[in-house]
Structures are given as C-alpha cells and as structure tokens.
file data.csv (CSV, C-alpha atoms)
chain,number,residue,atom,x,y,z
A,1,MET,CA,150.9,-13.6,196.8
A,2,VAL,CA,149.9,-13.6,200.5
A,3,ALA,CA,150.1,-9.8,200.6
A,4,ASP,CA,148.1,-9.6,197.4
A,5,HIS,CA,145.5,-12.0,198.7
A,6,ARG,CA,145.2,-10.1,202.0
A,7,TYR,CA,145.5,-6.5,200.8
A,8,GLY,CA,144.6,-6.7,197.0
A,9,HIS,CA,147.6,-4.7,195.8
A,10,LEU,CA,147.5,-6.3,192.4
A,11,GLU,CA,143.7,-5.9,191.9
A,12,SER,CA,144.1,-2.8,189.7
A,13,LEU,CA,146.7,-4.6,187.6
A,14,ARG,CA,144.4,-7.6,187.1
A,15,SER,CA,141.6,-5.3,186.1
A,16,ALA,CA,143.7,-3.5,183.6
A,17,LEU,CA,144.9,-6.8,182.1
A,18,SER,CA,141.3,-8.1,182.0
A,19,THR,CA,140.3,-5.0,180.1
A,20,LEU,CA,143.2,-5.5,177.6
A,21,VAL,CA,142.5,-9.3,177.2
A,22,TYR,CA,138.7,-9.0,176.8
A,23,PRO,CA,138.8,-8.1,173.1
A,24,LEU,CA,140.9,-11.1,172.5
A,25,GLN,CA,138.5,-13.3,174.4
A,26,TYR,CA,135.6,-11.8,172.5
A,27,LEU,CA,137.3,-12.5,169.2
A,28,VAL,CA,138.2,-16.0,170.2
A,29,ASN,CA,134.6,-16.7,171.3
A,30,LEU,CA,133.0,-15.0,168.4
A,31,PRO,CA,133.0,-18.0,166.0
A,32,ALA,CA,131.5,-20.2,168.7
A,33,VAL,CA,128.8,-17.6,169.5
A,34,ALA,CA,128.1,-17.0,165.8
A,35,LEU,CA,127.8,-20.8,165.2
A,36,HIS,CA,125.5,-21.1,168.2
A,37,ARG,CA,123.3,-18.3,167.0
A,38,MET,CA,123.3,-19.7,163.4
A,39,SER,CA,122.3,-23.1,164.8
A,40,ASP,CA,119.4,-21.5,166.8
A,41,SER,CA,118.4,-19.6,163.7
A,42,LEU,CA,118.4,-22.7,161.5
A,43,LEU,CA,116.4,-24.6,164.1
A,44,THR,CA,113.9,-21.8,164.4
A,45,ARG,CA,113.6,-21.6,160.6
A,46,GLU,CA,113.1,-25.4,160.3
A,47,SER,CA,110.6,-25.2,163.1
A,48,LEU,CA,108.7,-22.4,161.3
A,49,ILE,CA,108.8,-24.4,158.0
A,50,ARG,CA,107.3,-27.5,159.7
A,51,GLU,CA,104.7,-25.3,161.5
A,52,ASN,CA,103.8,-23.6,158.2
A,53,THR,CA,103.5,-27.0,156.4
A,54,ARG,CA,101.3,-28.3,159.2
A,55,LEU,CA,99.1,-25.3,159.1
A,56,LYS,CA,98.7,-25.6,155.3
A,57,GLU,CA,97.7,-29.2,155.6
A,58,GLU,CA,95.2,-28.4,158.3
A,59,GLN,CA,93.8,-25.5,156.2
A,60,LEU,CA,93.5,-27.9,153.2
A,61,MET,CA,91.7,-30.5,155.4
A,62,GLN,CA,89.4,-27.9,156.9
A,63,GLY,CA,88.6,-26.6,153.4
A,64,SER,CA,87.8,-30.1,152.2
A,65,ARG,CA,85.6,-30.7,155.3
A,66,LEU,CA,83.8,-27.4,154.6
A,67,GLN,CA,83.2,-28.4,151.0
A,68,ARG,CA,81.8,-31.7,152.2
A,69,PHE,CA,79.6,-30.0,154.7
A,70,ALA,CA,78.2,-27.8,151.9
A,71,VAL,CA,77.5,-30.9,149.8
A,72,LEU,CA,75.8,-32.6,152.7
A,73,GLU,CA,73.7,-29.5,153.3
A,74,GLN,CA,72.6,-29.4,149.7
A,75,GLU,CA,71.9,-33.1,149.8
A,76,ASN,CA,69.7,-32.7,152.9
A,77,GLU,CA,67.8,-29.9,151.2
A,78,ARG,CA,67.2,-32.1,148.2
A,79,LEU,CA,66.0,-34.9,150.4
A,80,ARG,CA,63.7,-32.6,152.3
A,81,GLU,CA,62.2,-31.4,149.1
A,82,LEU,CA,61.9,-34.9,147.8
A,83,LEU,CA,60.1,-36.2,150.9
A,84,GLU,CA,57.9,-33.1,151.2
A,85,SER,CA,56.7,-33.6,147.6
A,86,SER,CA,54.9,-36.8,148.8
A,87,MET,CA,54.0,-35.7,152.4
A,88,GLN,CA,50.4,-35.0,151.4
A,89,ARG,CA,50.0,-38.4,149.7
A,90,ARG,CA,49.1,-41.7,151.2
A,91,GLU,CA,51.5,-43.8,149.1
A,92,ARG,CA,54.4,-45.5,150.7
A,93,VAL,CA,57.7,-44.2,149.4
A,94,LEU,CA,61.4,-45.1,149.6
A,95,VAL,CA,64.4,-42.9,148.8
A,96,ALA,CA,66.8,-44.3,146.2
A,97,GLU,CA,70.1,-43.0,144.9
A,98,LEU,CA,71.1,-42.9,141.2
A,99,LEU,CA,74.1,-45.1,140.4
A,100,ALA,CA,74.3,-44.6,136.7
A,101,VAL,CA,72.5,-42.5,134.0
A,102,GLU,CA,72.2,-43.9,130.4
A,103,LEU,CA,71.2,-41.1,128.1
A,104,GLU,CA,72.1,-42.7,124.8
A,105,PRO,CA,70.3,-41.8,121.6
A,106,PHE,CA,66.7,-43.3,121.8
A,107,ARG,CA,67.5,-44.9,125.1
A,108,ARG,CA,66.7,-43.2,128.4
A,109,GLN,CA,67.4,-45.2,131.5
A,110,VAL,CA,68.9,-44.8,135.0
A,111,VAL,CA,70.1,-47.4,137.5
A,112,ILE,CA,69.2,-47.0,141.2
A,113,ASN,CA,70.6,-48.6,144.3
A,114,LYS,CA,67.4,-50.3,145.4
A,115,GLY,CA,66.3,-53.8,144.4
A,116,GLN,CA,64.4,-56.9,145.4
A,117,ARG,CA,65.7,-56.8,149.0
A,118,ASP,CA,64.2,-53.3,149.4
A,119,GLY,CA,60.8,-54.4,148.0
A,120,ALA,CA,61.3,-52.9,144.5
A,121,PHE,CA,59.2,-54.5,141.8
A,122,TYR,CA,58.8,-54.5,138.0
A,123,GLY,CA,56.6,-51.6,136.8
A,124,GLN,CA,57.1,-49.6,140.1
A,125,PRO,CA,56.6,-45.9,139.6
A,126,VAL,CA,59.6,-43.6,140.3
A,127,VAL,CA,59.4,-39.9,140.9
A,128,ASP,CA,61.7,-37.1,142.0
A,129,VAL,CA,61.1,-33.6,143.5
A,130,GLY,CA,59.8,-32.3,140.1
A,131,GLY,CA,57.5,-35.1,139.1
A,132,VAL,CA,57.3,-38.5,137.4
A,133,VAL,CA,60.7,-39.9,136.4
A,134,GLY,CA,59.7,-43.3,135.0
A,135,GLN,CA,59.1,-46.9,136.0
A,136,ILE,CA,61.3,-49.9,136.9
A,137,VAL,CA,61.8,-52.3,134.0
A,138,HIS,CA,64.5,-54.6,135.6
A,139,VAL,CA,64.9,-55.6,139.2
A,140,GLY,CA,68.0,-57.1,140.6
A,141,PRO,CA,68.8,-58.1,144.2
A,142,PHE,CA,70.6,-54.8,145.0
A,143,SER,CA,69.8,-52.4,142.1
A,144,SER,CA,67.1,-51.7,139.5
A,145,THR,CA,66.9,-50.2,136.1
A,146,VAL,CA,64.3,-47.3,135.6
A,147,LEU,CA,62.9,-46.5,132.1
A,148,LEU,CA,62.5,-42.8,131.9
A,149,ILE,CA,59.3,-41.2,130.6
A,150,THR,CA,61.4,-39.6,127.8
A,151,ASP,CA,62.3,-43.0,126.4
A,152,PRO,CA,60.6,-43.5,123.0
A,153,SER,CA,59.2,-46.8,124.2
A,154,HIS,CA,57.5,-45.3,127.3
A,155,ALA,CA,53.8,-44.1,127.4
A,156,LEU,CA,52.0,-42.6,130.3
A,157,PRO,CA,48.3,-41.8,130.8
A,158,VAL,CA,48.0,-38.1,131.7
A,159,GLN,CA,45.4,-35.3,132.0
A,160,LEU,CA,45.5,-31.6,132.0
A,161,ASN,CA,45.3,-30.3,135.5
A,162,ARG,CA,43.2,-27.3,134.4
A,163,ASN,CA,40.3,-29.1,132.8
A,164,GLY,CA,40.9,-32.8,133.2
A,165,LEU,CA,41.5,-33.4,129.5
A,166,ARG,CA,43.1,-36.8,129.1
A,167,ALA,CA,45.9,-37.9,126.7
A,168,ILE,CA,48.9,-40.2,126.4
A,169,ALA,CA,52.4,-38.7,127.0
A,170,VAL,CA,55.0,-40.6,125.0
A,171,GLY,CA,58.8,-40.2,125.0
A,172,THR,CA,60.7,-38.9,122.1
A,173,GLY,CA,64.2,-40.1,123.0
A,174,ARG,CA,65.2,-36.5,123.6
A,175,ASP,CA,65.9,-34.8,126.9
A,176,GLY,CA,63.2,-32.4,127.9
A,177,VAL,CA,60.6,-33.4,125.2
A,178,LEU,CA,57.4,-35.4,125.5
A,179,LEU,CA,54.5,-35.7,123.1
A,180,LEU,CA,50.8,-35.7,123.9
A,181,GLU,CA,48.9,-38.1,121.7
A,182,HIS,CA,45.2,-38.4,120.8
A,183,LEU,CA,44.3,-34.8,121.4
A,184,PRO,CA,41.9,-33.5,118.8
A,185,SER,CA,42.8,-30.3,117.0
A,186,ASN,CA,39.9,-28.4,118.7
A,187,ALA,CA,41.0,-29.6,122.2
A,188,ASP,CA,41.0,-27.0,125.0
A,189,ILE,CA,44.7,-26.9,125.6
A,190,GLN,CA,47.0,-23.9,126.3
A,191,ARG,CA,50.7,-23.3,126.6
A,192,GLY,CA,51.8,-23.5,130.2
A,193,ASP,CA,49.1,-26.1,131.1
A,194,LEU,CA,50.2,-28.5,133.9
A,195,VAL,CA,50.1,-32.1,132.8
A,196,VAL,CA,49.7,-34.7,135.6
A,197,SER,CA,49.4,-38.4,135.8
A,198,SER,CA,45.8,-39.5,135.5
A,199,GLY,CA,46.0,-42.8,137.4
A,200,LEU,CA,44.4,-44.8,134.5
A,201,GLY,CA,46.0,-48.2,134.1
A,202,ARG,CA,46.7,-48.3,137.8
A,203,ARG,CA,50.4,-48.2,137.1
A,204,PHE,CA,51.1,-44.6,138.2
A,205,PRO,CA,49.2,-42.9,141.0
A,206,SER,CA,47.2,-39.9,139.9
A,207,GLY,CA,48.1,-36.3,140.5
A,208,TYR,CA,51.9,-36.4,140.1
A,209,PRO,CA,53.3,-33.7,137.8
A,210,VAL,CA,54.5,-34.9,134.5
A,211,GLY,CA,55.3,-31.7,132.7
A,212,VAL,CA,54.2,-28.4,131.3
A,213,VAL,CA,52.8,-27.8,127.8
A,214,GLU,CA,55.5,-26.0,125.8
A,215,ASP,CA,54.2,-25.9,122.2
A,216,ILE,CA,50.9,-26.6,120.4
A,217,ARG,CA,50.6,-27.0,116.6
A,218,MET,CA,47.2,-27.3,115.0
A,219,GLU,CA,47.1,-28.4,111.4
A,220,PRO,CA,43.8,-28.5,109.6
A,221,SER,CA,44.7,-31.6,107.6
A,222,GLU,CA,45.6,-33.5,110.8
A,223,PRO,CA,42.9,-34.9,113.1
A,224,PHE,CA,45.1,-34.5,116.2
A,225,ALA,CA,47.1,-31.6,117.5
A,226,LYS,CA,50.8,-31.9,117.9
A,227,VAL,CA,51.6,-31.0,121.5
A,228,THR,CA,55.0,-31.0,123.1
A,229,VAL,CA,55.5,-31.1,126.9
A,230,LYS,CA,58.6,-30.2,128.9
A,231,PRO,CA,59.0,-32.9,131.7
A,232,SER,CA,58.9,-31.7,135.3
A,233,ALA,CA,61.3,-34.4,136.5
A,234,ARG,CA,65.1,-33.8,136.3
A,235,PRO,CA,66.8,-37.3,136.4
A,236,GLY,CA,69.9,-35.9,134.8
A,237,GLN,CA,70.3,-33.4,137.6
A,238,SER,CA,68.9,-35.2,140.7
A,239,ARG,CA,70.9,-37.7,142.7
A,240,GLU,CA,67.9,-39.1,144.6
A,241,VAL,CA,64.5,-40.4,143.5
A,242,LEU,CA,61.5,-41.9,145.3
A,243,LEU,CA,60.1,-45.3,144.7
A,244,VAL,CA,56.3,-45.2,145.1
A,245,TRP,CA,54.0,-48.0,146.2
A,246,PRO,CA,50.7,-46.9,144.7
A,247,PHE,CA,47.4,-47.7,146.5
A,248,ASP,CA,44.5,-49.3,144.9
A,249,THR,CA,41.1,-47.5,144.4
A,250,ALA,CA,40.1,-48.5,148.0
A,251,GLY,CA,43.2,-46.9,149.4
A,252,ASP,CA,44.1,-49.8,151.7
A,253,SER,CA,46.5,-52.0,149.9
A,254,THR,CA,49.2,-51.7,147.3
A,255,LEU,CA,49.0,-53.1,143.8
A,256,GLY,CA,50.5,-56.5,143.3
A,257,LEU,CA,52.5,-57.8,140.4
A,258,ALA,CA,49.4,-59.5,138.9
A,259,ASP,CA,47.5,-56.2,138.9
A,260,LEU,CA,50.4,-54.5,137.2
A,261,ALA,CA,50.7,-57.1,134.6
A,262,ALA,CA,47.0,-57.0,133.9
A,263,ASN,CA,46.9,-53.2,133.8
A,264,PRO,CA,50.1,-52.0,132.0
call {"tool": "encode", "arguments": {"input": "data.csv", "output": "structure tokens"}}
result
Amino acid sequence: MVADHRYGHLESLRSALSTLVYPLQYLVNLPAVALHRMSDSLLTRESLIRENTRLKEEQLMQGSRLQRFAVLEQENERLRELLESSMQRRERVLVAELLAVELEPFRRQVVINKGQRDGAFYGQPVVDVGGVVGQIVHVGPFSSTVLLITDPSHALPVQLNRNGLRAIAVGTGRDGVLLLEHLPSNADIQRGDLVVSSGLGRRFPSGYPVGVVEDIRMEPSEPFAKVTVKPSARPGQSREVLLVWPFDTAGDSTLGLADLAANP
C-alpha cells in the first residue's frame, strides 16, 4: 500500500475497475436520477398550471375592467350630451338616474333617484338628451315618480317650431306615439315638423323638443285633424334625465308650488 501510495503502481488497475464498475453505478443511480427528474418535471408542470390559472384570472379581471371602462365612457358621453342639451338655457338643472321603468298598458311612469332632499317638487319638468320626458307626480325623500308624456293622462301645451302653431300633445299609452289635439283640418302642418313645448301654463319651459310630426289625417267630416307625433325623448333607453327648475317670465326666480298649482 505504501509503494502504491508513493509510486501509483495500482492506478491503472483502479482505472480499469472504475471503468468496469461505472455501468453498475449508473444502473444503481438511474432510479434515483429518474425520480429526481420526474419530481422536477412535476413541480415545473404544477408551477406552469398555477401560472396559467393566475394569468387566466388576470385576463378575466382585465377584460371585466375594460368592459367597465367602456360602459363608463359611454355614460360620460351620455352625460355630456345631456348637459349640453341645456347649456344654452338659463334654467337650473340637476342630473338624475332612472331606478325603475313602469311601461304597463296605459301607464307610463319612471322612478328616479332624486327626491325632496335634492329639491325636487311636484309638477317639476323632466327632460333627457332628446327632449321632454314628463313631470314629477310623486316626491319622496330620496326618489320621485315621473309621469311620462306618453301616459294617457298627460297633456302638454306645444307649438310647431316652423310656424308657432299651438296645440295640446296628449299621451296615448303607447310607446312612441303622441296625439296633437285641437288642430283644425286646414291647419298648416306637415310631416317632419318639429313640435316643441310652448311654455303656456308655466309648467314646462318653452323651446324643449317634444317630438316630430309622423302622420296627418284630414277627414272632411271631422273639425280637427288627427296628428300623431313621435316623441323625441327616449326614457326607455336613457339611464339619466335632467330635472329642470323653470324660470318665470321675468327670468329671475323659479316657479313655486303655488304657481304650479294655479297653472297646471
């Protein structure tokens, strides 16, 4: 052993034995190596599955946020249009949101999220980006009920924007249909004429769009023409409306409840 240690006479023998034993060592270690590699593979696969699940969740959340951003963008556009529709007017306005829409046969009402605490009052005009929606008929502390102009019990003084011809627009209980009353058969009225609020009665401010003349029927046996109007307002499609505080004829104060009661 001393001679081998000093002179390395057995080195070649050990090398040969190592070469012969290596396959046996490889075979003995092979299950352990395979198990280790399999364990690493399983861990990597599990990690990839977790990462994939996390990325899917993040993608879903991002998609939901993008949809919400799109909804907010559309809502902002509607609000801008709604406010711009009254920018040129002197009336005080307040944006309200629809809480419920009641479109039952012969009953056309909506509920909004503004009430007495916001200054809403009975008979207050309500408009949207298209035109006149209706008026408040019930006021609660936090919400109000609006009677739509298409309700059969609603009547609104109007005039033709083209020539100032005055009439009364009454609801029919049907969506998209108003009737103009008290127009003689020889009245100067045409399809496509814009109908606006006249301001008579001091309930609705003048100049707000009400609708467009859609059909005219003249019957010789009838003293009045049968005129149907398509409303400009879209309460069934809009989510926001404007509460309007109309000014009096002097333009320096809003109408009070006593004035509204005296001038329905």
call {"tool": "closest_residue", "arguments": {"input": "data.csv", "among": "A:Glu97, A:Asp193, A:Asp128, A:Glu102", "to": "Ser143 of chain A", "atoms": "all atoms listed in the file"}}
result
A:Glu97
call {"tool": "closest_residue", "arguments": {"input": "data.csv", "among": "A:Ser221, A:Thr44, A:Gln135, A:Asn52", "to": "Val241 of chain A", "atoms": "only C-alpha atoms"}}
result
A:Gln135
call {"tool": "closest_residue", "arguments": {"input": "data.csv", "among": "A:Ala225, A:Val158, A:Ile216, A:Val170", "to": "Pro184 of chain A", "atoms": "only C-alpha atoms"}}
result
A:Ala225
call {"tool": "closest_residue", "arguments": {"input": "data.csv", "among": "A:Val110, A:Leu243, A:Leu99, A:Val213", "to": "Arg162 of chain A", "atoms": "all atoms listed in the file"}}
result
A:Val213
call {"tool": "residues_around", "arguments": {"input": "data.csv", "residues": "Gln124 of chain A", "least_positions_apart": "4", "cutoff": "9 Å", "atoms": "all atoms listed in the file", "output": "count of residues only"}}
result
13
